[in-house]
Each structure stands twice: as C-alpha cells, then as structure tokens.
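Everything below belongs to input-v7.csv, which stores CSV, C-alpha atoms.
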```csv
chain,number,residue,atom,x,y,z
A,1,MET,CA,32.9,-28.6,-58.4
A,2,ARG,CA,36.0,-26.4,-58.1
A,3,PHE,CA,38.8,-27.2,-55.8
A,4,SER,CA,41.9,-25.2,-54.8
A,5,VAL,CA,44.7,-27.7,-54.5
A,6,LYS,CA,48.0,-26.8,-52.9
A,7,ARG,CA,50.8,-29.0,-53.9
A,8,ASN,CA,53.3,-28.2,-51.2
A,9,SER,CA,52.5,-24.5,-50.6
A,10,LEU,CA,54.8,-23.5,-53.5
A,11,TRP,CA,52.5,-24.4,-56.3
A,12,PRO,CA,48.9,-23.5,-55.8
A,13,VAL,CA,46.7,-24.6,-58.6
A,14,THR,CA,43.0,-24.7,-59.2
A,15,LEU,CA,41.3,-27.7,-60.6
A,16,ASP,CA,38.1,-27.5,-62.4
A,17,VAL,CA,37.1,-31.1,-63.0
A,18,GLN,CA,33.4,-31.5,-63.4
A,19,ALA,CA,31.4,-34.7,-62.8
A,20,GLY,CA,29.4,-35.3,-65.9
A,21,ASP,CA,32.0,-33.6,-68.1
A,22,ALA,CA,32.3,-35.9,-71.2
A,23,SER,CA,34.2,-36.3,-74.4
A,24,GLU,CA,32.5,-36.2,-77.8
A,25,PRO,CA,32.0,-39.7,-79.2
A,26,ILE,CA,35.0,-40.7,-81.3
A,27,THR,CA,35.2,-43.7,-83.6
A,28,PHE,CA,38.5,-45.6,-83.7
A,29,ASP,CA,39.6,-48.3,-86.2
A,30,VAL,CA,41.3,-51.1,-84.3
A,31,GLU,CA,44.3,-51.7,-86.6
A,32,ARG,CA,46.2,-54.9,-86.4
A,33,GLY,CA,49.5,-53.0,-86.4
A,34,ALA,CA,48.4,-51.0,-83.4
A,35,VAL,CA,47.3,-54.2,-81.6
A,36,VAL,CA,50.7,-55.9,-82.3
A,37,ARG,CA,52.7,-52.8,-81.3
A,38,LEU,CA,50.9,-52.7,-77.9
A,39,ALA,CA,51.5,-56.4,-77.4
A,40,GLU,CA,55.2,-55.9,-78.3
A,41,ALA,CA,55.6,-53.1,-75.8
A,42,ILE,CA,54.1,-55.3,-73.1
A,43,GLY,CA,56.2,-58.3,-74.3
A,44,ASP,CA,53.0,-60.4,-74.8
A,45,ASP,CA,53.7,-62.7,-77.8
A,46,GLN,CA,50.4,-64.5,-78.0
A,47,ALA,CA,49.5,-65.5,-81.6
A,48,ALA,CA,45.9,-64.2,-81.4
A,49,TYR,CA,47.2,-60.6,-81.7
A,50,GLU,CA,49.1,-61.3,-84.9
A,51,GLU,CA,46.2,-63.4,-86.2
A,52,GLY,CA,43.7,-60.7,-85.5
A,53,THR,CA,41.4,-62.7,-83.3
A,54,ALA,CA,41.8,-60.6,-80.2
A,55,ALA,CA,43.7,-57.6,-78.8
A,56,PRO,CA,45.5,-57.4,-75.4
A,57,PRO,CA,43.0,-56.9,-72.6
A,58,THR,CA,44.4,-53.5,-72.0
A,59,PHE,CA,44.0,-52.3,-75.6
A,60,PRO,CA,41.2,-49.8,-74.7
A,61,THR,CA,43.9,-47.7,-73.0
A,62,THR,CA,45.0,-46.7,-76.6
A,63,PHE,CA,41.6,-45.0,-77.0
A,64,THR,CA,41.7,-43.2,-73.7
A,65,PHE,CA,44.5,-40.8,-74.6
A,66,ARG,CA,42.7,-39.8,-77.8
A,67,LEU,CA,39.4,-39.1,-76.0
A,68,PRO,CA,39.6,-35.6,-74.8
A,69,VAL,CA,37.5,-34.9,-71.7
A,70,PRO,CA,37.6,-31.1,-71.7
A,71,SER,CA,38.4,-30.4,-68.0
A,72,LEU,CA,41.1,-33.1,-67.8
A,73,ARG,CA,42.8,-32.1,-71.0
A,74,ALA,CA,43.5,-28.7,-69.5
A,75,LEU,CA,45.7,-30.3,-66.8
A,76,ASP,CA,49.4,-31.1,-66.9
A,77,PRO,CA,49.5,-34.9,-67.3
A,78,ALA,CA,52.6,-35.1,-65.0
A,79,ARG,CA,50.2,-34.3,-62.2
A,80,PHE,CA,48.1,-37.4,-62.7
A,81,ILE,CA,48.6,-40.7,-60.8
A,82,HIS,CA,46.6,-43.7,-62.0
A,83,GLY,CA,45.0,-45.2,-58.9
A,84,ASP,CA,43.1,-48.1,-60.4
A,85,GLN,CA,41.7,-49.4,-63.7
A,86,GLU,CA,39.0,-51.8,-64.7
A,87,TYR,CA,38.0,-53.1,-68.1
A,88,ALA,CA,35.0,-55.4,-68.7
A,89,TYR,CA,34.4,-57.0,-72.0
A,90,GLU,CA,31.2,-58.2,-73.7
A,91,ARG,CA,33.4,-59.7,-76.3
A,92,PRO,CA,37.1,-59.5,-77.3
A,93,LEU,CA,38.2,-56.5,-79.3
A,94,ARG,CA,39.8,-57.5,-82.5
A,95,ALA,CA,41.5,-56.0,-85.6
A,96,GLY,CA,39.0,-54.6,-88.0
A,97,ASP,CA,36.6,-53.4,-85.3
A,98,ARG,CA,35.3,-49.9,-85.5
A,99,ILE,CA,34.7,-48.8,-82.0
A,100,THR,CA,32.9,-45.6,-81.0
A,101,CYS,CA,34.0,-44.5,-77.5
A,102,VAL,CA,32.8,-41.9,-75.0
A,103,ALA,CA,34.7,-41.0,-71.8
A,104,LYS,CA,33.1,-39.1,-68.9
A,105,VAL,CA,33.9,-38.0,-65.5
A,106,ALA,CA,31.6,-40.1,-63.3
A,107,ASP,CA,32.7,-38.8,-59.9
A,108,VAL,CA,35.0,-36.2,-58.3
A,109,THR,CA,36.1,-36.2,-54.7
A,110,GLU,CA,38.8,-34.5,-52.7
A,111,LYS,CA,40.8,-36.6,-50.2
A,112,GLU,CA,43.8,-36.3,-47.9
A,113,THR,CA,46.7,-38.4,-49.0
A,114,ARG,CA,50.2,-39.0,-47.9
A,115,LEU,CA,51.3,-36.4,-50.4
A,116,GLY,CA,48.7,-33.8,-49.3
A,117,THR,CA,45.2,-33.0,-50.6
A,118,ALA,CA,44.4,-34.5,-53.9
A,119,THR,CA,41.5,-34.8,-56.2
A,120,PHE,CA,40.2,-38.2,-57.1
A,121,ALA,CA,38.4,-38.4,-60.5
A,122,VAL,CA,36.6,-41.5,-61.6
A,123,ILE,CA,36.5,-41.7,-65.4
A,124,GLU,CA,34.2,-44.1,-67.2
A,125,THR,CA,34.6,-45.1,-70.8
A,126,GLU,CA,32.5,-47.2,-73.0
A,127,GLY,CA,33.1,-48.6,-76.5
A,128,ARG,CA,30.4,-49.8,-78.9
A,129,ASP,CA,30.8,-51.5,-82.3
A,130,GLN,CA,29.3,-50.5,-85.6
A,131,ALA,CA,26.1,-52.3,-84.7
A,132,GLY,CA,25.8,-50.2,-81.6
A,133,GLU,CA,26.5,-53.2,-79.3
A,134,LEU,CA,28.5,-52.6,-76.2
A,135,VAL,CA,32.0,-54.1,-76.5
A,136,PHE,CA,33.8,-52.9,-73.4
A,137,THR,CA,33.5,-50.6,-70.4
A,138,GLY,CA,36.3,-49.0,-68.5
A,139,ARG,CA,36.5,-47.4,-65.1
A,140,ALA,CA,39.6,-45.6,-63.9
A,141,THR,CA,40.5,-43.5,-60.8
A,142,LEU,CA,42.9,-40.7,-61.5
A,143,ILE,CA,44.5,-38.9,-58.6
A,144,VAL,CA,45.4,-35.3,-59.5
A,145,ARG,CA,47.9,-33.6,-57.2
B,146,MET,CA,40.8,-75.1,-62.9
B,147,LYS,CA,39.3,-75.1,-59.4
B,148,ALA,CA,39.0,-72.7,-56.5
B,149,GLY,CA,42.2,-72.5,-54.6
B,150,ASP,CA,44.5,-73.4,-57.5
B,151,ASP,CA,47.7,-71.4,-57.7
B,152,LEU,CA,48.5,-70.5,-61.3
B,153,GLU,CA,51.9,-70.9,-62.8
B,154,PRO,CA,53.8,-67.6,-62.3
B,155,LEU,CA,54.9,-65.5,-65.2
B,156,VAL,CA,58.3,-63.9,-64.8
B,157,LYS,CA,58.7,-60.9,-67.0
B,158,GLU,CA,61.9,-59.5,-68.5
B,159,PRO,CA,63.3,-56.6,-66.5
B,160,VAL,CA,61.5,-53.3,-67.3
B,161,THR,CA,63.7,-51.0,-69.5
B,162,ARG,CA,63.4,-47.4,-70.4
B,163,LEU,CA,63.2,-48.4,-74.0
B,164,GLN,CA,60.1,-50.5,-73.1
B,165,LEU,CA,58.6,-47.4,-71.4
B,166,VAL,CA,59.2,-45.4,-74.6
B,167,LYS,CA,57.7,-48.2,-76.7
B,168,TYR,CA,54.7,-48.4,-74.3
B,169,ALA,CA,54.3,-44.6,-74.5
B,170,GLY,CA,54.2,-44.8,-78.3
B,171,ALA,CA,51.9,-47.8,-78.5
B,172,SER,CA,49.4,-46.6,-75.9
B,173,GLY,CA,49.5,-42.8,-76.6
B,174,ASP,CA,50.4,-42.1,-72.9
B,175,PHE,CA,53.1,-39.6,-73.2
B,176,ASN,CA,53.1,-38.4,-69.6
B,177,PRO,CA,56.7,-37.3,-69.2
B,178,ILE,CA,57.0,-38.9,-65.8
B,179,HIS,CA,57.4,-42.2,-67.8
B,180,TRP,CA,60.3,-41.1,-70.0
B,181,ASP,CA,61.8,-37.8,-68.8
B,182,PRO,CA,63.9,-38.4,-65.6
B,183,GLU,CA,64.1,-34.6,-64.9
B,184,ARG,CA,60.4,-34.3,-65.0
B,185,GLY,CA,60.0,-37.4,-62.8
B,186,ALA,CA,62.5,-35.9,-60.3
B,187,GLU,CA,60.7,-32.6,-60.4
B,188,MET,CA,57.4,-34.4,-59.5
B,189,GLY,CA,59.1,-36.0,-56.5
B,190,LEU,CA,59.3,-39.5,-58.1
B,191,GLY,CA,63.1,-39.8,-58.1
B,192,GLY,CA,63.3,-40.4,-61.8
B,193,VAL,CA,61.1,-42.1,-64.4
B,194,ILE,CA,58.4,-44.6,-63.3
B,195,ALA,CA,56.7,-47.2,-65.4
B,196,HIS,CA,53.2,-46.7,-66.7
B,197,GLY,CA,50.7,-48.4,-64.3
B,198,MET,CA,49.1,-49.6,-67.4
B,199,LEU,CA,52.3,-51.5,-68.3
B,200,SER,CA,52.0,-53.6,-65.2
B,201,MET,CA,48.3,-54.0,-65.9
B,202,GLY,CA,49.4,-55.1,-69.4
B,203,PHE,CA,51.6,-57.8,-67.8
B,204,LEU,CA,48.6,-59.0,-65.8
B,205,GLY,CA,46.5,-58.9,-69.0
B,206,GLN,CA,49.1,-61.1,-70.7
B,207,TYR,CA,49.1,-63.4,-67.7
B,208,VAL,CA,45.3,-63.8,-67.6
B,209,ALA,CA,45.1,-64.1,-71.4
B,210,GLY,CA,47.8,-66.8,-71.2
B,211,VAL,CA,45.8,-68.8,-68.7
B,212,ALA,CA,42.4,-68.6,-70.4
B,213,GLY,CA,43.1,-67.5,-74.0
B,214,PRO,CA,43.0,-63.9,-75.1
B,215,GLU,CA,39.4,-64.2,-76.4
B,216,SER,CA,38.2,-65.4,-73.0
B,217,VAL,CA,39.0,-62.5,-70.8
B,218,ARG,CA,35.8,-60.9,-69.6
B,219,ARG,CA,37.0,-58.6,-66.9
B,220,LEU,CA,40.3,-57.3,-65.5
B,221,LYS,CA,40.5,-54.9,-62.6
B,222,VAL,CA,43.7,-53.7,-60.9
B,223,ARG,CA,44.9,-51.3,-58.3
B,224,PHE,CA,48.2,-49.6,-58.7
B,225,GLY,CA,49.9,-49.9,-55.3
B,226,ALA,CA,53.6,-49.2,-55.7
B,227,MET,CA,55.8,-47.6,-58.3
B,228,VAL,CA,57.7,-49.7,-60.9
B,229,ARG,CA,61.0,-48.5,-62.2
B,230,PRO,CA,63.4,-49.5,-64.9
B,231,ASP,CA,65.4,-52.7,-64.0
B,232,ASP,CA,62.5,-53.9,-61.8
B,233,VAL,CA,61.7,-57.6,-62.5
B,234,LEU,CA,57.9,-58.2,-62.1
B,235,THR,CA,56.4,-61.7,-61.6
B,236,CYS,CA,52.7,-62.2,-62.2
B,237,LYS,CA,51.0,-64.6,-59.9
B,238,GLY,CA,47.4,-65.7,-59.5
B,239,THR,CA,45.0,-67.9,-57.5
B,240,VAL,CA,41.7,-69.2,-58.6
B,241,ARG,CA,39.1,-67.7,-56.3
B,242,GLU,CA,35.9,-69.2,-57.6
B,243,VAL,CA,34.6,-71.3,-60.5
B,244,ASP,CA,31.0,-71.0,-61.5
B,245,GLY,CA,30.0,-72.9,-64.6
B,246,ASN,CA,32.1,-71.7,-67.4
B,247,ARG,CA,33.4,-68.6,-65.6
B,248,ALA,CA,36.3,-68.4,-63.3
B,249,ALA,CA,37.3,-65.5,-61.0
B,250,ILE,CA,41.0,-65.2,-60.4
B,251,ASP,CA,43.0,-63.1,-58.0
B,252,VAL,CA,46.1,-61.8,-59.8
B,253,TRP,CA,49.0,-59.6,-58.8
B,254,ALA,CA,52.4,-58.5,-60.0
B,255,GLU,CA,55.2,-58.5,-57.5
B,256,ASN,CA,58.7,-57.0,-57.8
B,257,GLN,CA,62.1,-58.6,-57.1
B,258,ASP,CA,61.7,-57.8,-53.4
B,259,GLY,CA,58.4,-59.6,-53.2
B,260,GLU,CA,56.4,-56.4,-52.9
B,261,LYS,CA,53.0,-56.5,-54.6
B,262,VAL,CA,53.1,-53.5,-57.0
B,263,THR,CA,49.8,-54.1,-58.8
B,264,THR,CA,46.9,-56.2,-57.5
B,265,GLY,CA,43.6,-57.2,-59.0
B,266,GLU,CA,41.1,-59.6,-60.1
B,267,ALA,CA,40.0,-61.1,-63.4
B,268,GLU,CA,37.1,-63.0,-64.8
B,269,VAL,CA,37.6,-65.5,-67.6
B,270,GLU,CA,35.6,-67.9,-69.6
B,271,ILE,CA,36.9,-71.4,-69.3
B,272,GLY,CA,36.4,-74.7,-71.2
```

Please lay out the structure from this file as structure tokens.
Amino acid sequence: MRFSVKRNSLWPVTLDVQAGDASEPITFDVERGAVVRLAEAIGDDQAAYEEGTAAPPTFPTTFTFRLPVPSLRALDPARFIHGDQEYAYERPLRAGDRITCVAKVADVTEKETRLGTATFAVIETEGRDQAGELVFTGRATLIVR
Amino acid sequence: MKAGDDLEPLVKEPVTRLQLVKYAGASGDFNPIHWDPERGAEMGLGGVIAHGMLSMGFLGQYVAGVAGPESVRRLKVRFGAMVRPDDVLTCKGTVREVDGNRAAIDVWAENQDGEKVTTGEAEVEIG
C-alpha cells in the first residue's frame, strides 16, 4: 500500500510501508550488562536483573531497534509516534539467552488524527530461544506523520 | 491479592534529560525527539519528550515489583500523553481479576497534575 501523506502542506512525503514486510531473523545474545543498563535507565533496581534471573519486562525493546524492517528503516525516526505496545511472555527473558527475533508489519491503515492524516502501522515481533521455543511476542502501533 | 485491590503506588524520581540519554543508549532508540530539543521543536513537540517506552518501563518495574520480575506474563500499554523532563510520574494499579494463579491488573502512570499519561493492563502469575 502506498500513501501520500501531507504533513501540513509544506512537507509532502510518500510512505511506502507494506503489510507483510518483515525483517530477516536476527539472533541476539541477552547480556547481563545490557539488562542492568536498561534497568538503570528506568531506575528499576530489582535484584533479579543483577542476578541474571530475569530482565525488565520491556527488555525486548532493545531488540526492536536492531531489527530492520526495510520499509520502516527508510523513514526518518523523528516522524514516528509510538501509539501502543504489548509484550507477552511465555517465560522471563534472562541473561545468557540467545533469542532469534523477527519483526514484521502486520497491518497498515491511514487515519485522520488531530495532527492531520497519519499512517498507523502495526508491527509484530517474536523471539524464540535456541530450542526454537517461543519466549515473547510484541505488538506495537506506530503512527507515522 | 483479590479483585478490586488497589496496589501501593510507586512514585518515580523526576524524569531528567540525562535519563532520556541513558534510556536512548540502553534501548537503542536514538530518535532525536528524545534528546535534541531543536528537533523536538521542529516536529511541533515544544522540546524533547520522553520515550513512551520509558513510561512503559516504569510500569514494567511496578508490575515486576508487585509480582516478581519472573512472574510477568503480559504487559500492554497505550501512550496517551507526552512526558517531559522534570515530570514526576506515579505508577498506580488495581487488581481487575484473579483466576487461579493468574491476576489481571489495570495499571497506569500519571503525572504531577494527575493526568494519566500511559495506561495499560498486565497479567502476572501469583503465589
């Protein structure tokens, strides 16, 4: 689907975000230092992160920005607004996991908003461990204006 | 834990620009609207705004604090209002339903004016 989006008539741009467009699978090592740094940035000092028994529930976001979905990568990130986000877990992520992730555009719609016409893209992500078992799924709505 | 219970609120430290820079580095979200005031102004945001995922992170901390970080099974939030440096967010929650060893909790983060900036729901394993 191809949309012409006019952000205040001064800046016409064309979006080419395709439903079904997906990243390659990428495998990430869940490093304890990365877990602790995210927890520190949040200000979440639970011992489990330092001990390596769990990661903050929002840890999969650290994968998201390293999972290039081709048609989204072409866009200026300053034009994204994050509308909503869901993570569901089969089990906690923890340091030492090797997680293979794929992100894909599940849905694209155009809607009128307060700020003018915008494109709403639903991005689904899943992460599986080395045994191929599902660990988490993510679902985000990005508003592109 | 039973349906209708209000959870103890969690009052976070004021959001700082340094925190947004740390969050950008830790998460990999280098969208300039979170650290470059000029770019934020250019996008009509009046300066930098916090990552939505930071406020979701606060709610993740809250839910993990209630149930234990290993017991969070689902967290879903909607980003409703912008969060800026110096805002003080308070996480609150109410138990909606308890079914066996699972609890569904309504959670939200509100700012110093009582405005709900991020609202959502969580499922945790209990006891």

List as a ChimeraX atom specification the protein and nucleic acid residues near Ala88 (chain A), meaning an atom at most 9 Å away when all atoms listed in the file are counted, but skip any in the same chain fewer than 4 places from it. /A:135-139 /B:217-221,268

Tell me which of A:Ala140, A:Leu115, A:Ala78, A:Ala121 sits closest to Thr61 (chain A), counting only C-alpha atoms.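 Ranking A:Ala140, A:Leu115, A:Ala78, A:Ala121 by distance to Thr61 (chain A), first place goes to A:Ala140.
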
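The space between CA of Phe120 (chain A) and CA of Gly83 (chain A) spans 8.7 Å.
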
Tell me the residues of chain A close to chain B, meaning within 10 Å using all atoms listed in the file, as a PDB file with C-alpha atoms, in the coordinates of the input.
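As a result, selection_11.pdb now contains:
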```pdb
ATOM      1  CA  GLY A  33      49.500 -53.000 -86.400  1.00  0.00           C
ATOM      2  CA  ALA A  34      48.400 -51.000 -83.400  1.00  0.00           C
ATOM      3  CA  VAL A  35      47.300 -54.200 -81.600  1.00  0.00           C
ATOM      4  CA  VAL A  36      50.700 -55.900 -82.300  1.00  0.00           C
ATOM      5  CA  ARG A  37      52.700 -52.800 -81.300  1.00  0.00           C
ATOM      6  CA  LEU A  38      50.900 -52.700 -77.900  1.00  0.00           C
ATOM      7  CA  ALA A  39      51.500 -56.400 -77.400  1.00  0.00           C
ATOM      8  CA  GLU A  40      55.200 -55.900 -78.300  1.00  0.00           C
ATOM      9  CA  ALA A  41      55.600 -53.100 -75.800  1.00  0.00           C
ATOM     10  CA  ILE A  42      54.100 -55.300 -73.100  1.00  0.00           C
ATOM     11  CA  GLY A  43      56.200 -58.300 -74.300  1.00  0.00           C
ATOM     12  CA  ASP A  44      53.000 -60.400 -74.800  1.00  0.00           C
ATOM     13  CA  ASP A  45      53.700 -62.700 -77.800  1.00  0.00           C
ATOM     14  CA  GLN A  46      50.400 -64.500 -78.000  1.00  0.00           C
ATOM     15  CA  ALA A  47      49.500 -65.500 -81.600  1.00  0.00           C
ATOM     16  CA  ALA A  48      45.900 -64.200 -81.400  1.00  0.00           C
ATOM     17  CA  TYR A  49      47.200 -60.600 -81.700  1.00  0.00           C
ATOM     18  CA  THR A  53      41.400 -62.700 -83.300  1.00  0.00           C
ATOM     19  CA  ALA A  54      41.800 -60.600 -80.200  1.00  0.00           C
ATOM     20  CA  ALA A  55      43.700 -57.600 -78.800  1.00  0.00           C
ATOM     21  CA  PRO A  56      45.500 -57.400 -75.400  1.00  0.00           C
ATOM     22  CA  PRO A  57      43.000 -56.900 -72.600  1.00  0.00           C
ATOM     23  CA  THR A  58      44.400 -53.500 -72.000  1.00  0.00           C
ATOM     24  CA  PHE A  59      44.000 -52.300 -75.600  1.00  0.00           C
ATOM     25  CA  PRO A  60      41.200 -49.800 -74.700  1.00  0.00           C
ATOM     26  CA  THR A  61      43.900 -47.700 -73.000  1.00  0.00           C
ATOM     27  CA  THR A  62      45.000 -46.700 -76.600  1.00  0.00           C
ATOM     28  CA  PHE A  63      41.600 -45.000 -77.000  1.00  0.00           C
ATOM     29  CA  THR A  64      41.700 -43.200 -73.700  1.00  0.00           C
ATOM     30  CA  PHE A  65      44.500 -40.800 -74.600  1.00  0.00           C
ATOM     31  CA  ARG A  66      42.700 -39.800 -77.800  1.00  0.00           C
ATOM     32  CA  ASP A  76      49.400 -31.100 -66.900  1.00  0.00           C
ATOM     33  CA  PRO A  77      49.500 -34.900 -67.300  1.00  0.00           C
ATOM     34  CA  ALA A  78      52.600 -35.100 -65.000  1.00  0.00           C
ATOM     35  CA  ARG A  79      50.200 -34.300 -62.200  1.00  0.00           C
ATOM     36  CA  PHE A  80      48.100 -37.400 -62.700  1.00  0.00           C
ATOM     37  CA  ILE A  81      48.600 -40.700 -60.800  1.00  0.00           C
ATOM     38  CA  HIS A  82      46.600 -43.700 -62.000  1.00  0.00           C
ATOM     39  CA  GLY A  83      45.000 -45.200 -58.900  1.00  0.00           C
ATOM     40  CA  ASP A  84      43.100 -48.100 -60.400  1.00  0.00           C
ATOM     41  CA  GLN A  85      41.700 -49.400 -63.700  1.00  0.00           C
ATOM     42  CA  GLU A  86      39.000 -51.800 -64.700  1.00  0.00           C
ATOM     43  CA  TYR A  87      38.000 -53.100 -68.100  1.00  0.00           C
ATOM     44  CA  ALA A  88      35.000 -55.400 -68.700  1.00  0.00           C
ATOM     45  CA  TYR A  89      34.400 -57.000 -72.000  1.00  0.00           C
ATOM     46  CA  GLU A  90      31.200 -58.200 -73.700  1.00  0.00           C
ATOM     47  CA  ARG A  91      33.400 -59.700 -76.300  1.00  0.00           C
ATOM     48  CA  PRO A  92      37.100 -59.500 -77.300  1.00  0.00           C
ATOM     49  CA  LEU A  93      38.200 -56.500 -79.300  1.00  0.00           C
ATOM     50  CA  ARG A  94      39.800 -57.500 -82.500  1.00  0.00           C
ATOM     51  CA  LEU A 115      51.300 -36.400 -50.400  1.00  0.00           C
ATOM     52  CA  PHE A 136      33.800 -52.900 -73.400  1.00  0.00           C
ATOM     53  CA  THR A 137      33.500 -50.600 -70.400  1.00  0.00           C
ATOM     54  CA  GLY A 138      36.300 -49.000 -68.500  1.00  0.00           C
ATOM     55  CA  ARG A 139      36.500 -47.400 -65.100  1.00  0.00           C
ATOM     56  CA  ALA A 140      39.600 -45.600 -63.900  1.00  0.00           C
ATOM     57  CA  THR A 141      40.500 -43.500 -60.800  1.00  0.00           C
ATOM     58  CA  ARG A 145      47.900 -33.600 -57.200  1.00  0.00           C
TER      59      ARG A 145
END
```

Distance CA of Asp107 (chain A)-CA of Val17 (chain A), one decimal place? 9.4 Å

I need every residue sitting at most 7 Å from the point (54.0, -62.0, -62.4) (coordinates as in the file, only C-alpha atoms considered), written as a list in words.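 Here the neighbourhood of the point contains Pro154, Leu155, Val156, Lys157, Leu234, Thr235, Cys236, Lys237, Trp253, Ala254 and Glu255 of chain B.
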
Nearest to Ala195 (chain B), chosen from B:Val262, B:Ala212, B:Val269, B:Lys147, with only C-alpha atoms counted in the distances: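 That would be B:Val262, the residue with the smallest distance to Ala195 (chain B).
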
Atom pair CA of Thr119 (chain A) / CA of Pro70 (chain A): separation (Å): 16.4 Å

For Glu126 (chain A), which residue among A:Glu51, A:Ser23, A:Val144, A:Ala74 is the nearest when counting only C-alpha atoms?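 Going through A:Glu51, A:Ser23, A:Val144, A:Ala74 one by one, the smallest distance to Glu126 (chain A) is for A:Ser23.
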
With only C-alpha atoms as the atoms that count, which of A:Glu24, A:Asp16, A:Gly52, A:Leu142 lies nearest to Ala95 (chain A)? A:Gly52
